[in-house]
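**Student:** I have a structure here, written as structure tokens, and I will follow up with some questions on it.
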Amino acid sequence: MSTAVQNPPAAAAPSRAHSLISNLRHDFPASLVVFLVALPLSLGIAIASGAPLAAGLIAAVVGGIVAGSLGGSAVQVSGPAAGLTVVVADLIDQLGWPMLCIMTIGAGALQIMFGVSRMARAALAIAPVVVHAMLAGIGITIALQQIHVLVGGTSRSSAWKNIVALPNGILHHELHEVIVGGSVILILVFWNKLPPRVRMIPGALIAIVAATALAKIAGLDVERINLSGNFFQAISLPHFAAKTPDGQPWTQSIGAIAIGVLTIALIASVESLLCAVGVDKLHNGPRTNFNREMIGQGSANMLSGFLGGLPVTGVIVRSSANVAAGARTRMSAILHGVWVLLFASLFTNLVEMIPKAALAGLLIVVGVRLIKLAHIRLAWRTGNFVVYVITIGCVVFLNLLEGVAIGLAIAILFLLIRVVRAPIEARPVGGEAKQWQVDIDGTLSFLLLPRLTNVLSTLPRGSDVTLHINADYIDHSVSEAISDWKTGHETTGGTVTIVETSPANLVSAHSRPPKRHFHSRSLREAPWPSRRDTHHDDDEASIRHGVREYHRNGVESLHHHVPELIDSPNPDTVFLTCADSRILPDVITASRPGDLYIVRNVGNLVPTESTERSVDAALDFAVNQLGVTSVVVCGHSSCRAMKALLENAADDTTAPMGDWLRHASESLAAFRDGHPARRSATSNGFAFSEVDQLAIVNVAIQVERLTRHPILAPAVQSGALQVVGMFFDFATVHVHEVDAHGIVEAETADTH
């Protein structure tokens with residue numbers, strides 16, 4: 001018995017060692033890439049924060065080693081981040097650097113409490129538009145600060161003062177500083193246009209090295225950074241300063257200190273968790289444990305503050321570089337921290353050769369890139385542009401905490417307005433003025449009473465009214481208003497029929513406190529009961545049961561669409577999509593019955609071989625017989641066909657699946673050659689997995705094929721027909737438009 005118990009660990013040891021060595025082959029080179037990205041950014045963020053330069057390096061070391069070891073994400077990389085520079089700079093200016101270190105320790109302890117109490121996800125309860133605006137506001141603030149350093153001056157204490165002083169700073173610039181900083185900006189701007197193999201080298205590192213070499217070789221008179229001693233001398237234990245920078249005893253600033261601790265903890269937590277969510281989309285490994293991630297981030301912040309470092313967060317730039325470089329485990333993040341430690345302690349002289357203007361140029365680019373065009377478009381399309389603009393303005397001209405608070409308040413106000421504007425529609429039925437139908441949907445609270453009573457008052461006296469109510473929430477005030485109106489309307493000789501199609505109903509609103517109700521069926525089962533609910537072993541019996549269920553509960557829901565189905569004109573769109581049953585063309589395009597001519601096949605492919613004519617037949621019939629005006633090809637995330645293609649299933653042409661996937665070989669080749677569509681799937685805020693990147697490239701290739709297709713080409717060239725590519729992301733429920741070059745915009749639907 002004892003031998004049997006002891007054998008498994010002995011056998012498992014070589015397996016674990018083999019796994020470690022196998023992963024280290026990927027993690028070791030990835031850690032070097034992340035180190036090269038992190039080094040200049042850590043120095044630049046320290047400068048932008050007004051902290052000692054070594055504080056950025058200390059935070060990078062601690063973030064890599066401690067957060068990497070204890071955190072809940074396998075590939076996230078932590079360190080000093082641009083998202084906290086505005087807060088840190090303001091706190092240092094108000095309370096001093098020693099107090100900032102103590103506040104960082106307190107913020108770390110608070111983060112650990114978030115993780116231990118399992119409330120880490122609560123930090124994500126911020127409207128995305130506010131987070132996007134916060135980052136954009138931080139980017140603008142950083143750029144306004146650093147442009148003064150780039151022209152040879154010093155940044156001011158507020159964004160408004162930086163704007164006012166900008167014309168004078170530009171007129172009296174230092175040419176050598178501008179040359180050095182400008183060269184960094186030029187290199188970073190054009191770096192992404194270079195071939196993928198070249199861009200494997202971090203652009204930030206190349207820009208800083210090139211600018212430093214230029215200043216040295218050309219003998220430019222520029223100000224260089226000064227570490228004031230070696231790395232270990234910069235480590236300082238926390239201590240309370242007797243007075244704040246404005247001469248006040250620190251005991252009189254306890255309120256400001258408490259707010260500072262809470263601000264650092266919340267922003268660092270939100271940024272780290274959002275980064276973890278984004279990184280999870282980039283790899284297929286273990287998903288992030290958010291509570292453990294908070295414990296790791298909190299531990300790193302406590303140690304960073306204790307040693308005299310900046311606050312630590314998860315950083316998307318380093319994390320995405322880590323995944324792109326092939327990292328498999330947390331060992332990559334840990335090793336990157338080790339490399340920063342070795343470099344900072346052994347090569348201080350090299351660091352002190354870097355011109356300040358070079359780091360200013362780097363920070364300006366980092367700041368500008370925090371303002372993402374994709375976020376602006378998203379805010380505009382979703383009706384949140386006002387929230388976005390106001391939040392940015394408040395973050396820039398007030399402060400980060402007030403800006404985010406005001407942004408959240410406005411977002412909540414917009415939510416209340418949208419609740420009040422729940423759809424209420426009254427229309428005559430069958431062209432008869434005596435027959436009316438009123439549809440009421442959504443959340444029915446007392447806030448809706450003005451609109452509800454106004455619509456009901458417009459109904460003709462003595463008319464027969466059918467009231468359709470589909471609500472997730474009804475309070476007694478709405479129920480009472482409808483009841484009173486019903487009584488009054490019936491006294492005029494009219495009739496009122498109330499049809500309720502949701503769990504929330506008028507009767508229960510008077511009998512108990514209102515609560516929100518949800519349909520138990522999922523989207524795939526709406527709007528009628530599904531045969532999936534029957535649990536029959538016999539598929540045929542299950543289908544028959546589903547038909548019977550439809551006749552009992554679905555006919556009435558579909559009946560009012562009968563005229564549209566019988567008398568509808570021809571469809572206006574061919575919708576070519578994958579055979580995957582999760583794709584719902586009518587839902588994601590908000591189409592009515594009869595609008596779409598749907599063609600499905602595995603991988604949404606357009607075969608080019610003359611032996612495969614099924615898609616050609618559908619296109620010919622739709623274009624030449626039905627007269628459609630557009631053709632859509634729609635791919636989707638987590639596509640099993642694309643996964644099989646990546647796994648070389650197309651090589652087995654003897655199998656039906658392999659033979660069919662030969663039609664996607666052009667897409668696979670384009671994906672491997674770095675097609676622009678693949679690059680678009682990892683830029684502008686997108687972070688798709690390799691399978692999803694291939695699916696997006698595949699859509700772009702099919703769009704090109706359809707544009708050149710003999711059946712479609714004449715109509716496309718004359719402008720009578722358009723070809724559109726789409727990509728549906730299950731994770732975000734977003735529809736992205738795709739052209740021959742990749743993603744061009746993302747359509748957004750309301751989600752609940």
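Identifiers in this document derive from the order of the structure tokens: chains are assigned A, B, ..., residues are numbered from 1 separately in each chain, and ligands are numbered from 1 in order of occurrence.
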What lies within 12 Å of Val130 of chain A using only C-alpha atoms, ignoring chain neighbours under 4 positions off, as a ChimeraX atom specification?
**Tutor:** /A:124-126,134-137,270,375-376,379,384-395,400-412
**Student:** List the spatial neighbours of segment 635-646 of chain A as number ranges by chain - criterion: any atom at most 9 Å away, only C-alpha atoms, same-chain residues fewer than 2 positions off excluded.
**Tutor:** A: 576-578, 580, 583, 602-604, 633, 648-651, 657-658, 661-662, 664-665, 668, 688-696, 698-699, 725-731, 735
**Student:** Produce a file of the selected residues containing N, CA and C atoms, as a tab-separated table (two decimals), in the first residue's frame.
**Tutor:**
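Contents of result.tsv, as written:
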```tsv
chain	number	residue	atom	x	y	z
A	576	LEU	N	-24.54	35.51	-46.06
A	576	LEU	CA	-23.73	34.29	-46.09
A	576	LEU	C	-22.99	34.17	-44.77
A	577	THR	N	-23.30	33.16	-43.99
A	577	THR	CA	-22.68	33.02	-42.68
A	577	THR	C	-22.34	31.57	-42.41
A	578	CYS	N	-21.75	31.34	-41.24
A	578	CYS	CA	-21.28	30.01	-40.87
A	578	CYS	C	-22.47	29.11	-40.49
A	580	ASP	N	-22.62	27.43	-37.94
A	580	ASP	CA	-22.70	27.40	-36.48
A	580	ASP	C	-24.08	27.85	-36.01
A	583	ILE	N	-25.13	31.51	-34.44
A	583	ILE	CA	-25.29	32.74	-35.20
A	583	ILE	C	-26.77	32.99	-35.46
A	602	VAL	N	-20.07	25.71	-43.64
A	602	VAL	CA	-19.03	25.63	-42.62
A	602	VAL	C	-17.93	26.64	-42.94
A	603	GLY	N	-17.76	27.63	-42.06
A	603	GLY	CA	-16.69	28.61	-42.21
A	603	GLY	C	-17.05	29.79	-43.08
A	604	ASN	N	-18.35	29.95	-43.47
A	604	ASN	CA	-18.81	31.06	-44.33
A	604	ASN	C	-17.85	31.31	-45.50
A	633	VAL	N	-21.12	38.79	-45.86
A	633	VAL	CA	-20.48	37.56	-45.40
A	633	VAL	C	-20.12	37.80	-43.93
A	648	ASN	N	-4.57	22.37	-39.04
A	648	ASN	CA	-4.19	21.67	-40.28
A	648	ASN	C	-5.18	20.60	-40.69
A	649	ALA	N	-6.48	20.79	-40.35
A	649	ALA	CA	-7.48	19.82	-40.76
A	649	ALA	C	-7.63	19.78	-42.27
A	650	ALA	N	-7.29	20.91	-42.94
A	650	ALA	CA	-7.43	20.96	-44.40
A	650	ALA	C	-6.41	20.07	-45.10
A	651	ASP	N	-5.39	19.62	-44.37
A	651	ASP	CA	-4.38	18.76	-44.99
A	651	ASP	C	-4.95	17.37	-45.31
A	657	MET	N	-14.60	17.18	-44.18
A	657	MET	CA	-14.28	18.46	-43.57
A	657	MET	C	-12.98	19.02	-44.15
A	658	GLY	N	-11.97	18.20	-44.24
A	658	GLY	CA	-10.69	18.64	-44.79
A	658	GLY	C	-10.82	19.08	-46.24
A	661	LEU	N	-12.49	22.52	-46.27
A	661	LEU	CA	-11.65	23.60	-45.76
A	661	LEU	C	-10.52	23.97	-46.71
A	662	ARG	N	-10.34	23.19	-47.79
A	662	ARG	CA	-9.37	23.61	-48.80
A	662	ARG	C	-9.75	24.97	-49.39
A	664	ALA	N	-10.56	27.42	-47.79
A	664	ALA	CA	-10.09	28.47	-46.89
A	664	ALA	C	-8.57	28.54	-46.83
A	665	SER	N	-7.88	27.80	-47.71
A	665	SER	CA	-6.42	27.79	-47.67
A	665	SER	C	-5.85	29.18	-47.95
A	668	LEU	N	-5.89	31.12	-44.69
A	668	LEU	CA	-4.85	30.68	-43.77
A	668	LEU	C	-3.49	31.24	-44.20
A	688	PHE	N	-8.13	40.14	-30.09
A	688	PHE	CA	-8.73	38.86	-30.42
A	688	PHE	C	-7.71	37.74	-30.38
A	689	SER	N	-8.18	36.52	-30.10
A	689	SER	CA	-7.33	35.34	-30.10
A	689	SER	C	-6.92	35.00	-31.53
A	690	GLU	N	-6.00	34.05	-31.67
A	690	GLU	CA	-5.54	33.67	-33.01
A	690	GLU	C	-6.68	33.10	-33.85
A	691	VAL	N	-7.53	32.28	-33.23
A	691	VAL	CA	-8.66	31.72	-33.97
A	691	VAL	C	-9.56	32.84	-34.50
A	692	ASP	N	-9.83	33.84	-33.64
A	692	ASP	CA	-10.69	34.95	-34.06
A	692	ASP	C	-9.98	35.82	-35.10
A	693	GLN	N	-8.67	35.99	-34.96
A	693	GLN	CA	-7.93	36.76	-35.97
A	693	GLN	C	-8.04	36.09	-37.34
A	694	LEU	N	-7.91	34.76	-37.35
A	694	LEU	CA	-8.05	34.02	-38.61
A	694	LEU	C	-9.46	34.18	-39.16
A	695	ALA	N	-10.47	34.15	-38.29
A	695	ALA	CA	-11.85	34.31	-38.75
A	695	ALA	C	-12.06	35.68	-39.38
A	696	ILE	N	-11.43	36.72	-38.82
A	696	ILE	CA	-11.55	38.08	-39.38
A	696	ILE	C	-10.84	38.15	-40.73
A	698	ASN	N	-10.39	35.67	-42.69
A	698	ASN	CA	-11.22	34.88	-43.61
A	698	ASN	C	-12.37	35.70	-44.17
A	699	VAL	N	-13.01	36.51	-43.32
A	699	VAL	CA	-14.09	37.38	-43.80
A	699	VAL	C	-13.55	38.35	-44.85
A	725	GLY	N	-18.60	42.91	-45.18
A	725	GLY	CA	-18.10	41.87	-44.29
A	725	GLY	C	-18.47	42.19	-42.85
A	726	MET	N	-18.76	41.16	-42.07
A	726	MET	CA	-19.09	41.33	-40.66
A	726	MET	C	-18.44	40.24	-39.83
A	727	PHE	N	-18.18	40.58	-38.56
A	727	PHE	CA	-17.63	39.61	-37.61
A	727	PHE	C	-18.39	39.77	-36.31
A	728	PHE	N	-19.00	38.67	-35.85
A	728	PHE	CA	-19.79	38.70	-34.62
A	728	PHE	C	-18.97	38.10	-33.48
A	729	ASP	N	-18.76	38.91	-32.42
A	729	ASP	CA	-17.97	38.48	-31.26
A	729	ASP	C	-18.93	38.06	-30.15
A	730	PHE	N	-18.97	36.75	-29.85
A	730	PHE	CA	-19.88	36.25	-28.82
A	730	PHE	C	-19.58	36.87	-27.46
A	731	ALA	N	-18.29	37.08	-27.16
A	731	ALA	CA	-17.90	37.53	-25.81
A	731	ALA	C	-18.46	38.90	-25.49
A	735	VAL	N	-21.07	43.41	-33.20
A	735	VAL	CA	-20.91	43.11	-34.62
A	735	VAL	C	-19.91	44.11	-35.18
```
**Student:** Neighbouring residues of Ala618 of chain A were defined as those with any atom within 12 Å, considering only C-alpha atoms; residues of the same chain fewer than 3 positions away were excluded. Please report them as a list in words.
**Tutor:**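 Once the adjacent positions are removed, what remains is Thr573, Val574, Phe575, Leu576, Tyr597, Ile598, Val599, Arg600, Asn601, Val606, Glu612, Arg613, Ser614, Val615, Phe621, Ala622, Val623, Asn624, Gln625, Leu626, Val628, Val631, Ile711 and Leu712 of chain A.
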**Student:** To one decimal in Å, tell me the separation between atom CA of Val129 of chain A and atom CA of Leu448 of chain A.
**Tutor:** 25.8 Å
**Student:** Select, from A:Ala321, A:Ile201, A:Ala720, A:Val222, the residue with the minimum atom-to-atom distance to Val180 of chain A, counting only C-alpha atoms.
**Tutor:**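 The shortest atom-to-atom distance to Val180 of chain A comes from A:Val222.
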**Student:** Show which residues sit within 9 Å of segment 162-171 of chain A, as a list in words. Count only C-alpha atoms, and ignore same-chain residues fewer than 3 positions away.
**Tutor:**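 Result of the neighbour search: Leu144, Gln145, Ile147, His148, Val151, Gly152, Gly153, Ser155, Arg156, Ser157, Ser158, Ala159 and Glu174 of chain A.
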**Student:** Residues of the last selection are to be written out with C-alpha atoms, as a compact mmCIF listing (two decimals), in the first residue's frame.
**Tutor:**
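selection00.txt, written as the output of this step:
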```txt
# COMPACT_ATOMS: atom_id res chain seq x y z
CA LEU A 144 0.03 68.58 -22.06
CA GLN A 145 2.63 68.07 -19.33
CA ILE A 147 5.16 68.76 -24.43
CA HIS A 148 6.73 71.42 -22.19
CA VAL A 151 10.55 71.90 -25.90
CA GLY A 152 13.04 72.35 -23.07
CA GLY A 153 10.77 73.80 -20.39
CA SER A 155 5.43 71.31 -16.92
CA ARG A 156 2.92 73.30 -14.87
CA SER A 157 0.74 72.15 -12.00
CA SER A 158 -2.54 71.99 -13.92
CA ALA A 159 -3.80 71.28 -17.41
CA GLU A 174 15.25 74.58 -27.07
```
